[in-house]
Structure formats: C-alpha cells, structure tokens
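A short write-up of the structure that comes next.
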Amino acid sequence: MFSGFQELLVIAAIFIVLVFLSRFKRQEGHAAPSRRPKPGFSGILRAAVSLSLAWAAGTAIYLWPWEKGLRPFVLVGVVPVAAVWSIAWVVAGFRQNSK
C-alpha cells in the first residue's frame, strides 16, 4: 500500500540531496568575485513551490498512479503545475525585459 508513497519520498530525498551537494561543491571551488549577494527566495516563491509540491503529493495520494495508471495523475497533477510555472516564467521574463 505505501510502496508508491515511499518511492515518491525517496525521489524527493534524492532531489534534495542533489540540490544541497551542488551548493556545497560551488562553495568549495574557486573564490567568486566579490559581488553584492543576491537576495534569497521571496515568500511568494516559497509558497508557490510548497503549493506545487503539495498539489503533486495530494494528487498522487488521491489518484494512486502506481496502481491505477499514470495518465490521470499526469493530466491532473503534473500538467497544471507545469502550465502555471511556465506562465510565471514567461511573465517574469517580460517583466525583466521591460525594466
């Protein structure tokens, strides 16, 4: 029953480890030229990422793609998240070009 959920947790753990390892590798390398530090993620961006992960996890729990088929999960869980992030990416690009 929980094997699919455990697989999702393993994938999430691997992703998190890869993200942190890439950050540590950059810090060990050559000294970067001194620049003003970039601001961290905004609260809205953090909320959007959390909501995206919660949406994907919720649809995975509700639809059980590992037992009932992958197509409904992709159509309901992945496509809307990808569409919203794509639109946000395009809008951010237009805003950056207009400055």
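Ligands are numbered from 1 in the order shown, residues from 1 within each chain, and chains are lettered A, B, ... in the order they appear in the structure tokens.
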
Can you tell me, as a PyMOL selection string, what residues are no more than 10 Å from segment 39-50 of chain A when counting only C-alpha atoms, ignoring any on the same chain fewer than 5 positions away? chain A and resi 55-56+81+84-85

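Closest approach to Gly58 of chain A among A:Arg95, A:Ala12, A:Val76, A:Ala82 is made by A:Val76 (distances from only C-alpha atoms).
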
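Take the candidates A:Ala13, A:Leu51, A:Leu18, A:Val78 and check each one against Pro65 of chain A using only C-alpha atoms; the shortest distance goes to A:Val78.
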
How would you write, as a PyMOL selection string, the set of residues in chain A that DSSP gives as helix (DSSP H, G or I)? chain A and resi 3-28+43-63+65-68+71-98

Taken to one decimal, the atom CA of Gly77 of chain A-atom CA of Ala60 of chain A distance is 7.3 Å

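Checking A:Val10, A:Leu75, A:Ala83, A:Arg23 one by one against Ser52 of chain A, counting only C-alpha atoms, you find the shortest gap at A:Ala83.
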
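Distance annotation: of A:Ala57, A:Glu67, A:Pro80, A:Ser98, the residue with the minimal separation from Leu9 of chain A is A:Ala57; atom set is only C-alpha atoms.
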